[in-house]
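Undergrad: For reference, the file my_file26.pdb (PDB, C-alpha atoms) is included below:
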ATOM      1  CA  MET C  98      52.481  49.859  67.744
ATOM      2  CA  LEU C  99      53.047  47.113  70.317
ATOM      3  CA  LYS C 100      56.621  46.463  71.423
ATOM      4  CA  ARG C 101      58.084  43.005  71.763
ATOM      5  CA  PHE C 102      59.449  42.115  75.177
ATOM      6  CA  ASP C 103      62.957  41.667  73.765
ATOM      7  CA  GLU C 104      62.883  45.266  72.517
ATOM      8  CA  LEU C 105      62.400  46.779  75.983
ATOM      9  CA  THR C 106      65.264  48.658  77.596
ATOM     10  CA  GLU C 107      66.081  48.179  81.287
ATOM     11  CA  PRO C 108      64.334  51.466  82.234
ATOM     12  CA  GLU C 109      61.233  50.336  80.308
ATOM     13  CA  VAL C 110      61.288  46.914  81.999
ATOM     14  CA  LEU C 111      61.397  48.538  85.435
ATOM     15  CA  ALA C 112      58.688  51.043  84.482
ATOM     16  CA  LEU C 113      56.498  48.197  83.234
ATOM     17  CA  ALA C 114      57.103  46.239  86.442
ATOM     18  CA  ILE C 115      56.100  49.272  88.530
ATOM     19  CA  ALA C 116      52.864  49.719  86.550
ATOM     20  CA  ASN C 117      52.064  46.002  86.873
ATOM     21  CA  GLU C 118      52.611  45.975  90.642
ATOM     22  CA  GLU C 119      50.330  48.981  91.081
ATOM     23  CA  GLU C 120      47.593  47.406  88.961
ATOM     24  CA  ASP C 121      47.856  44.026  90.712
ATOM     25  CA  SER C 122      47.698  45.683  94.139
ATOM     26  CA  ARG C 123      44.469  47.475  93.229
ATOM     27  CA  ILE C 124      42.951  44.271  91.853
ATOM     28  CA  TYR C 125      43.771  42.371  95.064
ATOM     29  CA  LEU C 126      42.247  45.135  97.189
ATOM     30  CA  THR C 127      39.096  44.960  95.078
ATOM     31  CA  PHE C 128      38.953  41.179  95.542
ATOM     32  CA  ALA C 129      39.389  41.622  99.299
ATOM     33  CA  ASN C 130      36.600  44.198  99.567
ATOM     34  CA  ARG C 131      34.201  42.150  97.434
ATOM     35  CA  LEU C 132      34.873  38.874  99.272
ATOM     36  CA  ARG C 133      35.141  40.193 102.834
ATOM     37  CA  PRO C 134      31.448  39.726 103.864
ATOM     38  CA  GLN C 135      31.380  35.996 102.966
ATOM     39  CA  PHE C 136      35.066  35.016 103.082
ATOM     40  CA  PRO C 137      36.893  37.183 105.654
ATOM     41  CA  GLY C 138      39.848  34.771 105.881
ATOM     42  CA  SER C 139      40.477  34.772 102.140
ATOM     43  CA  ALA C 140      39.894  38.542 102.030
ATOM     44  CA  LYS C 141      42.701  38.952 104.562
ATOM     45  CA  VAL C 142      45.028  36.974 102.279
ATOM     46  CA  PHE C 143      44.179  39.311  99.386
ATOM     47  CA  ASP C 144      44.776  42.328 101.676
ATOM     48  CA  ASP C 145      48.218  40.978 102.547
ATOM     49  CA  MET C 146      49.020  40.273  98.886
ATOM     50  CA  ALA C 147      48.003  43.839  97.961
ATOM     51  CA  VAL C 148      50.283  45.263 100.668
ATOM     52  CA  GLU C 149      53.176  43.132  99.456
ATOM     53  CA  GLU C 150      52.624  44.220  95.842
ATOM     54  CA  GLN C 151      52.833  47.829  97.028
ATOM     55  CA  GLY C 152      56.093  46.945  98.768
ATOM     56  CA  HIS C 153      57.421  45.552  95.486
ATOM     57  CA  ARG C 154      56.365  48.764  93.760
ATOM     58  CA  HIS C 155      58.259  50.920  96.273
ATOM     59  CA  SER C 156      61.388  48.754  95.899
ATOM     60  CA  LEU C 157      61.226  49.043  92.129
ATOM     61  CA  LEU C 158      60.656  52.816  92.296
ATOM     62  CA  ALA C 159      63.628  53.279  94.608
ATOM     63  CA  LEU C 160      65.861  51.194  92.341
ATOM     64  CA  TYR C 161      64.658  53.048  89.242
ATOM     65  CA  GLU C 162      65.341  56.464  90.793
ATOM     66  CA  ARG C 163      68.790  55.380  91.959
ATOM     67  CA  LYS C 164      69.770  53.975  88.552
ATOM     68  CA  PHE C 165      67.931  56.131  86.016
ATOM     69  CA  GLY C 166      66.699  59.275  87.789
ATOM     70  CA  LYS C 167      63.205  60.664  88.350
ATOM     71  CA  ASP C 168      61.939  60.680  84.743
ATOM     72  CA  MET C 169      60.195  57.371  84.011
ATOM     73  CA  PRO C 170      58.722  56.277  80.657
ATOM     74  CA  TYR C 171      55.000  55.535  80.565
ATOM     75  CA  ILE C 172      54.439  51.918  79.578
ATOM     76  CA  THR C 173      51.788  49.364  80.552
ATOM     77  CA  ARG C 174      51.062  45.718  79.799
ATOM     78  CA  ALA C 175      48.767  46.864  76.978
ATOM     79  CA  ASP C 176      51.820  48.257  75.151
ATOM     80  CA  VAL C 177      53.798  44.988  75.135
ATOM     81  CA  ARG C 178      53.042  41.992  72.958
ATOM     82  CA  GLY C 179      52.651  38.771  74.930
ATOM     83  CA  PHE C 180      50.821  39.925  78.030
ATOM     84  CA  LEU C 181      47.449  38.322  78.642
ATOM     85  CA  LYS C 182      44.509  40.685  78.402
ATOM     86  CA  ARG C 183      42.766  40.301  81.740
ATOM     87  CA  ARG C 184      39.004  39.954  81.909
ATOM     88  CA  PRO C 185      37.716  42.284  84.668
ATOM     89  CA  VAL C 186      36.236  39.478  86.760
ATOM     90  CA  TRP C 187      36.545  41.697  89.845
ATOM     91  CA  LEU C 188      33.596  43.717  88.484
ATOM     92  CA  MET C 189      31.286  40.703  88.201
ATOM     93  CA  GLU C 190      28.110  40.604  90.264
ATOM     94  CA  GLY C 191      28.270  37.873  92.892
ATOM     95  CA  LEU C 192      32.028  37.361  92.581
ATOM     96  CA  ARG C 193      32.881  33.766  93.500
ATOM     97  CA  LEU C 194      35.921  32.840  95.567
ATOM     98  CA  ASP C 195      37.076  30.250  93.027
ATOM     99  CA  VAL C 196      36.945  32.868  90.247
ATOM    100  CA  ALA C 197      39.052  35.315  92.292
ATOM    101  CA  ARG C 198      41.459  32.525  93.214
ATOM    102  CA  ARG C 199      41.966  31.453  89.588
ATOM    103  CA  GLN C 200      42.488  35.055  88.501
ATOM    104  CA  ALA C 201      45.056  35.649  91.247
ATOM    105  CA  GLU C 202      46.805  32.407  90.358
ATOM    106  CA  MET C 203      47.153  33.440  86.725
ATOM    107  CA  MET C 204      48.302  36.942  87.693
ATOM    108  CA  GLU C 205      51.065  35.625  89.930
ATOM    109  CA  PHE C 206      52.138  33.025  87.370
ATOM    110  CA  GLU C 207      52.411  35.719  84.705
ATOM    111  CA  ALA C 208      54.313  38.034  87.088
ATOM    112  CA  SER C 209      56.767  35.277  87.990
ATOM    113  CA  GLN C 210      57.425  34.538  84.313
ATOM    114  CA  PHE C 211      57.888  38.240  83.575
ATOM    115  CA  TYR C 212      60.382  38.800  86.392
ATOM    116  CA  ALA C 213      62.339  35.622  85.648
ATOM    117  CA  ARG C 214      62.747  36.530  81.987
ATOM    118  CA  SER C 215      63.546  40.145  82.831
ATOM    119  CA  ALA C 216      66.230  39.050  85.282
ATOM    120  CA  GLU C 217      67.868  36.906  82.599
ATOM    121  CA  ARG C 218      68.168  39.941  80.294
ATOM    122  CA  ALA C 219      69.298  42.441  82.929
ATOM    123  CA  ARG C 220      72.913  43.591  82.720
ATOM    124  CA  ASP C 221      72.980  45.722  85.868
ATOM    125  CA  VAL C 222      73.745  43.597  88.937
ATOM    126  CA  ASP C 223      71.291  45.393  91.255
ATOM    127  CA  VAL C 224      68.496  45.236  88.694
ATOM    128  CA  ARG C 225      69.149  41.546  88.040
ATOM    129  CA  LYS C 226      69.113  40.745  91.775
ATOM    130  CA  LEU C 227      65.857  42.560  92.519
ATOM    131  CA  LEU C 228      64.058  41.079  89.517
ATOM    132  CA  GLY C 229      65.270  37.579  90.401
ATOM    133  CA  ASP C 230      64.107  37.990  94.003
ATOM    134  CA  LEU C 231      60.690  39.194  92.821
ATOM    135  CA  ALA C 232      60.377  36.181  90.506
ATOM    136  CA  GLU C 233      60.837  33.857  93.490
ATOM    137  CA  ILE C 234      58.371  35.837  95.628
ATOM    138  CA  GLU C 235      55.711  35.816  92.902
ATOM    139  CA  LYS C 236      56.172  32.064  92.463
ATOM    140  CA  LYS C 237      55.330  31.608  96.150
ATOM    141  CA  HIS C 238      52.323  33.881  95.724
ATOM    142  CA  GLU C 239      51.170  31.700  92.823
ATOM    143  CA  SER C 240      51.101  28.690  95.142
ATOM    144  CA  LEU C 241      49.320  30.716  97.823
ATOM    145  CA  ALA C 242      46.697  31.950  95.376
ATOM    146  CA  ALA C 243      46.087  28.401  94.182
ATOM    147  CA  LYS C 244      45.306  27.302  97.746
ATOM    148  CA  LEU C 245      43.068  30.171  98.828
ATOM    149  CA  GLY C 246      40.010  28.848 100.642
ATOM    150  CA  GLU C 247      41.529  25.483 101.542
ATOM    151  CA  THR C 248      41.599  24.542 105.214
ATOM    152  CA  ALA C 249      45.029  22.914 105.064
ATOM    153  CA  LEU C 250      48.066  23.883 103.018
ATOM    154  CA  THR C 251      50.278  21.096 101.696
ATOM    155  CA  THR C 252      54.006  21.474 101.183
ATOM    156  CA  ASP C 253      54.409  18.328  99.149
ATOM    157  CA  VAL C 254      56.585  19.133  96.115
ATOM    158  CA  LYS C 255      54.924  16.587  93.836
ATOM    159  CA  ALA C 256      51.487  17.998  94.561
ATOM    160  CA  GLU C 257      52.755  21.486  93.769
ATOM    161  CA  GLU C 258      54.293  20.331  90.499
ATOM    162  CA  GLU C 259      51.072  18.567  89.547
ATOM    163  CA  ALA C 260      49.096  21.738  90.244
ATOM    164  CA  THR C 261      51.474  23.713  88.029
ATOM    165  CA  ARG C 262      51.141  21.129  85.269
ATOM    166  CA  LYS C 263      47.364  21.410  85.372
ATOM    167  CA  ARG C 264      47.533  25.195  85.223
ATOM    168  CA  LEU C 265      49.780  25.004  82.176
ATOM    169  CA  LEU C 266      47.360  22.543  80.571
ATOM    170  CA  VAL C 267      44.520  25.027  81.040
ATOM    171  CA  LEU C 268      46.604  27.890  79.637
ATOM    172  CA  GLN C 269      48.070  26.042  76.676
ATOM    173  CA  ILE C 270      45.340  23.599  75.647
ATOM    174  CA  VAL C 271      41.974  24.004  77.366
ATOM    175  CA  GLN C 272      41.439  27.746  76.934
ATOM    176  CA  PRO C 273      42.287  27.988  73.206
ATOM    177  CA  GLY C 274      40.373  24.767  72.577
ATOM    178  CA  LEU C 275      37.243  26.092  74.270
ATOM    179  CA  ALA C 276      37.484  29.419  72.440
ATOM    180  CA  GLY C 277      37.666  27.553  69.139
ATOM    181  CA  LEU C 278      34.765  25.245  69.968
ATOM    182  CA  ILE C 279      32.538  28.174  70.888
ATOM    183  CA  ASP C 280      33.386  30.153  67.763
ATOM    184  CA  GLY C 281      33.080  27.193  65.423
ATOM    185  CA  SER C 282      29.744  26.040  66.793
ATOM    186  CA  VAL C 283      28.035  29.448  66.679
ATOM    187  CA  SER C 284      29.634  31.228  63.707
ATOM    188  CA  THR C 285      28.841  28.452  61.212
ATOM    189  CA  LEU C 286      25.148  28.116  62.088
ATOM    190  CA  ALA C 287      23.857  30.821  59.728
ATOM    191  CA  PRO C 288      25.744  29.820  56.545
ATOM    192  CA  ILE C 289      25.079  26.095  56.980
ATOM    193  CA  PHE C 290      21.343  26.369  57.626
ATOM    194  CA  ALA C 291      20.920  29.131  55.027
ATOM    195  CA  ALA C 292      22.494  26.809  52.473
ATOM    196  CA  ALA C 293      20.343  23.904  53.657
ATOM    197  CA  PHE C 294      17.020  25.721  53.233
ATOM    198  CA  ALA C 295      18.102  27.510  50.064
ATOM    199  CA  THR C 296      19.113  24.332  48.230
ATOM    200  CA  GLN C 297      17.350  21.563  50.193
ATOM    201  CA  ASN C 298      20.175  19.432  48.878
ATOM    202  CA  THR C 299      21.991  17.531  51.605
ATOM    203  CA  TRP C 300      25.232  16.954  49.674
ATOM    204  CA  GLU C 301      25.600  20.607  48.665
ATOM    205  CA  THR C 302      24.815  21.641  52.238
ATOM    206  CA  PHE C 303      27.455  19.256  53.526
ATOM    207  CA  LEU C 304      30.095  20.706  51.168
ATOM    208  CA  ILE C 305      29.231  24.283  52.195
ATOM    209  CA  GLY C 306      29.308  23.353  55.880
ATOM    210  CA  LEU C 307      32.635  21.564  55.407
ATOM    211  CA  ALA C 308      34.122  24.631  53.724
ATOM    212  CA  ALA C 309      32.752  26.998  56.387
ATOM    213  CA  SER C 310      34.065  24.828  59.228
ATOM    214  CA  ILE C 311      37.547  24.400  57.778
ATOM    215  CA  GLY C 312      37.749  28.079  56.811
ATOM    216  CA  ALA C 313      36.737  29.174  60.306
ATOM    217  CA  GLY C 314      39.272  26.735  61.771
ATOM    218  CA  ILE C 315      42.107  28.180  59.699
ATOM    219  CA  SER C 316      41.119  31.757  60.565
ATOM    220  CA  MET C 317      40.795  31.129  64.323
ATOM    221  CA  GLY C 318      43.968  29.070  64.393
ATOM    222  CA  LEU C 319      46.031  31.837  62.807
ATOM    223  CA  THR C 320      44.459  34.463  65.072
ATOM    224  CA  GLU C 321      45.307  32.498  68.207
ATOM    225  CA  ALA C 322      48.837  31.734  67.004
ATOM    226  CA  MET C 323      49.573  35.413  66.394
ATOM    227  CA  SER C 324      47.871  36.793  69.509
ATOM    228  CA  ASP C 325      50.556  35.899  72.093
ATOM    229  CA  ASP C 326      54.022  34.373  71.701
ATOM    230  CA  GLY C 327      53.784  32.777  75.163
ATOM    231  CA  ALA C 328      57.213  34.043  76.240
ATOM    232  CA  ILE C 329      55.922  35.956  79.263
ATOM    233  CA  THR C 330      52.616  34.316  80.052
ATOM    234  CA  GLY C 331      53.794  30.693  79.916
ATOM    235  CA  ARG C 332      51.000  29.782  77.508
ATOM    236  CA  GLY C 333      53.429  27.694  75.488
ATOM    237  CA  SER C 334      54.024  27.458  71.764
ATOM    238  CA  PRO C 335      51.747  29.840  69.824
ATOM    239  CA  TRP C 336      51.507  27.355  66.975
ATOM    240  CA  LEU C 337      50.418  24.548  69.309
ATOM    241  CA  ARG C 338      47.687  26.785  70.693
ATOM    242  CA  GLY C 339      46.791  27.807  67.154
ATOM    243  CA  VAL C 340      46.436  24.203  66.035
ATOM    244  CA  VAL C 341      44.314  23.322  69.075
ATOM    245  CA  CYS C 342      42.080  26.357  68.556
ATOM    246  CA  GLY C 343      41.774  25.765  64.813
ATOM    247  CA  VAL C 344      40.957  22.068  65.134
ATOM    248  CA  MET C 345      38.321  22.697  67.821
ATOM    249  CA  THR C 346      36.793  25.482  65.701
ATOM    250  CA  ALA C 347      36.462  23.094  62.779
ATOM    251  CA  ILE C 348      34.983  20.395  65.032
ATOM    252  CA  GLY C 349      32.431  22.911  66.355
ATOM    253  CA  GLY C 350      31.188  23.548  62.816
ATOM    254  CA  LEU C 351      31.351  19.925  61.685
ATOM    255  CA  GLY C 352      29.041  18.865  64.522
ATOM    256  CA  HIS C 353      25.965  20.163  62.710
ATOM    257  CA  THR C 354      27.453  19.654  59.222
ATOM    258  CA  LEU C 355      27.913  15.877  59.338
ATOM    259  CA  PRO C 356      24.156  15.095  59.654
ATOM    260  CA  TYR C 357      23.779  16.339  56.057
ATOM    261  CA  LEU C 358      25.495  13.176  54.893
ATOM    262  CA  ILE C 359      22.028  11.679  55.507
ATOM    263  CA  PRO C 360      20.306  11.708  52.082
ATOM    264  CA  ASP C 361      16.838  12.752  53.305
ATOM    265  CA  PHE C 362      16.772  16.550  53.797
ATOM    266  CA  TRP C 363      14.253  16.772  56.638
ATOM    267  CA  THR C 364      15.790  13.876  58.563
ATOM    268  CA  ALA C 365      19.240  15.428  58.225
ATOM    269  CA  THR C 366      17.924  18.852  59.295
ATOM    270  CA  ALA C 367      16.122  17.401  62.324
ATOM    271  CA  VAL C 368      19.273  15.593  63.469
ATOM    272  CA  ALA C 369      21.357  18.721  62.888
ATOM    273  CA  GLY C 370      18.861  20.790  64.893
ATOM    274  CA  VAL C 371      19.069  18.429  67.865
ATOM    275  CA  ILE C 372      22.867  18.556  67.722
ATOM    276  CA  VAL C 373      22.751  22.374  67.673
ATOM    277  CA  ILE C 374      20.644  22.458  70.864
ATOM    278  CA  ILE C 375      23.050  20.068  72.591
ATOM    279  CA  GLU C 376      26.059  22.117  71.410
ATOM    280  CA  LEU C 377      24.651  25.426  72.636
ATOM    281  CA  TRP C 378      23.739  24.138  76.101
ATOM    282  CA  ALA C 379      27.110  22.399  76.408
ATOM    283  CA  ILE C 380      28.952  25.602  75.452
ATOM    284  CA  ALA C 381      26.912  27.650  77.947
ATOM    285  CA  TRP C 382      27.926  25.191  80.676
ATOM    286  CA  ILE C 383      31.585  25.339  79.559
ATOM    287  CA  ARG C 384      31.602  29.150  79.707
ATOM    288  CA  TRP C 385      30.169  29.005  83.229
ATOM    289  CA  LYS C 386      32.557  26.278  84.362
ATOM    290  CA  TYR C 387      35.848  27.388  82.815
ATOM    291  CA  MET C 388      35.489  31.028  81.745
ATOM    292  CA  GLU C 389      33.930  32.525  84.899
ATOM    293  CA  THR C 390      30.741  33.591  83.096
ATOM    294  CA  PRO C 391      27.568  33.619  85.244
ATOM    295  CA  PHE C 392      25.371  30.761  84.041
ATOM    296  CA  GLY C 393      22.357  32.977  83.289
ATOM    297  CA  ARG C 394      24.470  35.298  81.173
ATOM    298  CA  ALA C 395      26.084  32.342  79.417
ATOM    299  CA  VAL C 396      22.660  30.953  78.503
ATOM    300  CA  VAL C 397      21.545  34.307  77.089
ATOM    301  CA  GLN C 398      24.782  34.848  75.183
ATOM    302  CA  ILE C 399      25.182  31.348  73.775
ATOM    303  CA  VAL C 400      21.809  29.572  73.700
ATOM    304  CA  LEU C 401      19.623  32.559  72.870
ATOM    305  CA  GLY C 402      22.295  34.110  70.653
ATOM    306  CA  GLY C 403      22.932  30.838  68.861
ATOM    307  CA  LEU C 404      19.222  30.272  68.263
ATOM    308  CA  LEU C 405      18.933  33.775  66.805
ATOM    309  CA  VAL C 406      21.849  33.025  64.472
ATOM    310  CA  LEU C 407      20.188  29.729  63.530
ATOM    311  CA  ALA C 408      16.863  31.467  62.882
ATOM    312  CA  ALA C 409      18.586  34.087  60.732
ATOM    313  CA  GLY C 410      20.182  31.387  58.603
ATOM    314  CA  ILE C 411      16.881  29.527  58.130
ATOM    315  CA  PHE C 412      15.010  32.756  57.305
ATOM    316  CA  ILE C 413      17.579  33.856  54.748
ATOM    317  CA  GLY C 414      17.807  30.431  53.158
ATOM    318  CA  ALA C 415      14.042  29.955  52.944
ATOM    319  CA  SER C 416      13.301  33.422  51.549
TER     320      SER C 416
END
Rewrite the structure from the file as structure tokens, please.
TA:
Amino acid sequence: MLKRFDELTEPEVLALAIANEEEDSRIYLTFANRLRPQFPGSAKVFDDMAVEEQGHRHSLLALYERKFGKDMPYITRADVRGFLKRRPVWLMEGLRLDVARRQAEMMEFEASQFYARSAERARDVDVRKLLGDLAEIEKKHESLAAKLGETALTTDVKAEEEATRKRLLVLQIVQPGLAGLIDGSVSTLAPIFAAAFATQNTWETFLIGLAASIGAGISMGLTEAMSDDGAITGRGSPWLRGVVCGVMTAIGGLGHTLPYLIPDFWTATAVAGVIVIIELWAIAWIRWKYMETPFGRAVVQIVLGGLLVLAAGIFIGAS
């Protein structure tokens, strides 16, 4: 059973912070080792960040032992509702610097949000002070991670605020929207084309496609809304993300449903087929561009997978 953040006691908050710092330090060391041959300067930054995370861990451990003794509860981010589940991009073949930078940026943003909210709830003065200090440090790390690989670092406040705004846009709008578009485009292929070849009636196919698209949109929207309350991660209102995800899911399915408003069956099917090809290639590019998926793998997963789903729908409908 996952615990809500508001249910955590001060010892559990400190134990969670210690586990997070240890995990983040190991991730940064992995980034440094993977990037060192091509990007020694950026690798050094990750080395320094890993060392500092270990320093945070030691400070938290010392405070915990002083306040609560040597027995510490076992708790990780996986046990608390609201933490983002991290994709292990550090294990990817041919790790790109921009992928590592974006991951580090999100990690530091999440850590800063966690410490700031924890400090607000803390009743012990020493605990509150340390957590507040760590929130400020992680916020600076977030800015540093965002600028990894750049030759010059700007200190302009407006530029920093704009960068933060864009990161929030990605977290709150772009990511759930892309997830919905991918799911809606692929998951509705089989039922729509099975119905098309089973009935060869464009109006009935359109109604089935409309129902499948809207149903998938409602399902994905509710799933996204209930997956993360956004309190720690800064991903914003869960219902806003749910609406964005649900609407984009429905749009993904409607793309190859609308051609069946054309009365002639074969003309409608040909147009729908062309739209499917465009959708699948566009989604593969989106996964490569925004979700750190190698392009070859994205093509296999989306284009080949989508075509197999399409073929299954046609085969079932025509049999």
Undergrad: Neighbouring residues of C:Thr366 were defined as those with any atom within 9 Å, considering all atoms listed in the file; residues of the same chain fewer than 3 positions away were excluded. Please report them as a ChimeraX atom specification.
TA: /C:290,293,299,353,356-357,361-363,369-371
Undergrad: Quick one: everything within 12 Å of C:Thr285, counting all atoms listed in the file, minus sequence neighbours fewer than 6 positions away in the same chain. Send it as a PyMOL selection string.
TA: chain C and resi 277-279+291-292+302+305-314+346-354+373+403+406-407+409-410
Undergrad: Work out how far atom CA of C:Lys100 is from atom CA of C:Arg154, in Å to one decimal.
TA: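 Here the two named atoms are 22.5 Å from each other.
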Undergrad: Out of C:Val400, C:Gly274, C:Leu111, C:Glu205, which residue has the shortest atom-to-atom distance to C:His155 when counting all atoms listed in the file?
TA: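 Of all the options, C:Leu111 lies closest to C:His155.
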Undergrad: Name the closest residue to C:Arg163 among the candidates C:Arg198, C:Leu192, C:Arg123, C:Pro108; distances are taken between atoms, counting only C-alpha atoms.
TA: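 Smallest distance to C:Arg163 is found for C:Pro108.
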Undergrad: Need to verify the contact set: C:Thr127, 12 Å, only C-alpha atoms, exclusion of same-chain residues closer than 3 positions in sequence. Can you return it as a list in words?
TA: Glu120, Asp121, Ser122, Arg123, Ile124, Asn130, Arg131, Leu132, Arg133, Ala140, Lys141, Phe143, Asp144, Met146, Ala147, Pro185, Val186, Trp187, Leu188, Met189, Leu192, Ala197 and Ala201 of chain C
Undergrad: For those residues, write C-alpha atoms to a file as an mmCIF file, in the frame of the given file.
TA:
data_model
loop_
_atom_site.group_PDB
_atom_site.id
_atom_site.type_symbol
_atom_site.label_atom_id
_atom_site.label_comp_id
_atom_site.auth_asym_id
_atom_site.auth_seq_id
_atom_site.Cartn_x
_atom_site.Cartn_y
_atom_site.Cartn_z
ATOM 1 C CA GLU C 120 47.593 47.406 88.961
ATOM 2 C CA ASP C 121 47.856 44.026 90.712
ATOM 3 C CA SER C 122 47.698 45.683 94.139
ATOM 4 C CA ARG C 123 44.469 47.475 93.229
ATOM 5 C CA ILE C 124 42.951 44.271 91.853
ATOM 6 C CA ASN C 130 36.600 44.198 99.567
ATOM 7 C CA ARG C 131 34.201 42.150 97.434
ATOM 8 C CA LEU C 132 34.873 38.874 99.272
ATOM 9 C CA ARG C 133 35.141 40.193 102.834
ATOM 10 C CA ALA C 140 39.894 38.542 102.030
ATOM 11 C CA LYS C 141 42.701 38.952 104.562
ATOM 12 C CA PHE C 143 44.179 39.311 99.386
ATOM 13 C CA ASP C 144 44.776 42.328 101.676
ATOM 14 C CA MET C 146 49.020 40.273 98.886
ATOM 15 C CA ALA C 147 48.003 43.839 97.961
ATOM 16 C CA PRO C 185 37.716 42.284 84.668
ATOM 17 C CA VAL C 186 36.236 39.478 86.760
ATOM 18 C CA TRP C 187 36.545 41.697 89.845
ATOM 19 C CA LEU C 188 33.596 43.717 88.484
ATOM 20 C CA MET C 189 31.286 40.703 88.201
ATOM 21 C CA LEU C 192 32.028 37.361 92.581
ATOM 22 C CA ALA C 197 39.052 35.315 92.292
ATOM 23 C CA ALA C 201 45.056 35.649 91.247
#
Undergrad: If you measure from atom CA of C:Leu105 to atom CA of C:His153, what distance in Å do you get, rounded to one decimal?
TA: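 A separation of 20.2 Å between them.
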Undergrad: Which residue gives the smallest distance to C:Ala408 among C:Leu286, C:Arg101, C:Ala322, C:Gln151, with only C-alpha atoms counted?
TA: C:Leu286
Undergrad: Choose the residue, out of C:Ala276, C:Ile234, C:Ala287, C:Ile359, that has the smallest atom-to-atom separation from C:Gly318; count only C-alpha atoms.
TA: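 Closest residue, counting only C-alpha atoms: C:Ala276.
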Undergrad: Just say which residues the PyMOL selection byres ((chain C and resi 114-118) around 12) picks in this file, as an MDAnalysis selection string.
TA: chainID C and resid 105 107:113 119:125 146:162 169:177 180 204:205 207:213 215:216 224 227:228 231:232 235
Undergrad: Can you measure atom CA of C:Trp336 to atom CA of C:Leu304 for me? One decimal in Å is fine.
TA: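 Atom-to-atom, atom CA of C:Trp336 to atom CA of C:Leu304, that is 27.4 Å.
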Undergrad: Where's the centre, and what are the edge lengths in Å to one decimal, of a box along x, y and z enclosing all listed atoms of stretch 274-293 of chain C padded 6 Å per side, as JSON?
TA:
{"center_x": 30.4, "center_y": 27.6, "center_z": 63.4, "size_x": 32.0, "size_y": 19.3, "size_z": 33.8}
Undergrad: With all atoms listed in the file as the counted atoms, please give the residues lying no more than 9 Å from C:Leu319, apart from itself and same-chain residues fewer than 6 positions off, as JSON, numbers by chain.
TA: {"C": [336, 339, 340, 342, 343]}
Undergrad: What's the 12 Å shell around C:Gln398, counting all atoms listed in the file, without same-chain residues fewer than 4 positions away, as a PyMOL selection string?
TA: chain C and resi 279+283+377-378+380-382+384-385+390-394+402-406
Undergrad: Identify which of the residues C:Asp195, C:Thr364, C:Ala379, C:Lys164 lies closest to C:Val222, counting only C-alpha atoms when measuring atom-to-atom distances.
TA: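 Selected residue with least distance to C:Val222: C:Lys164.
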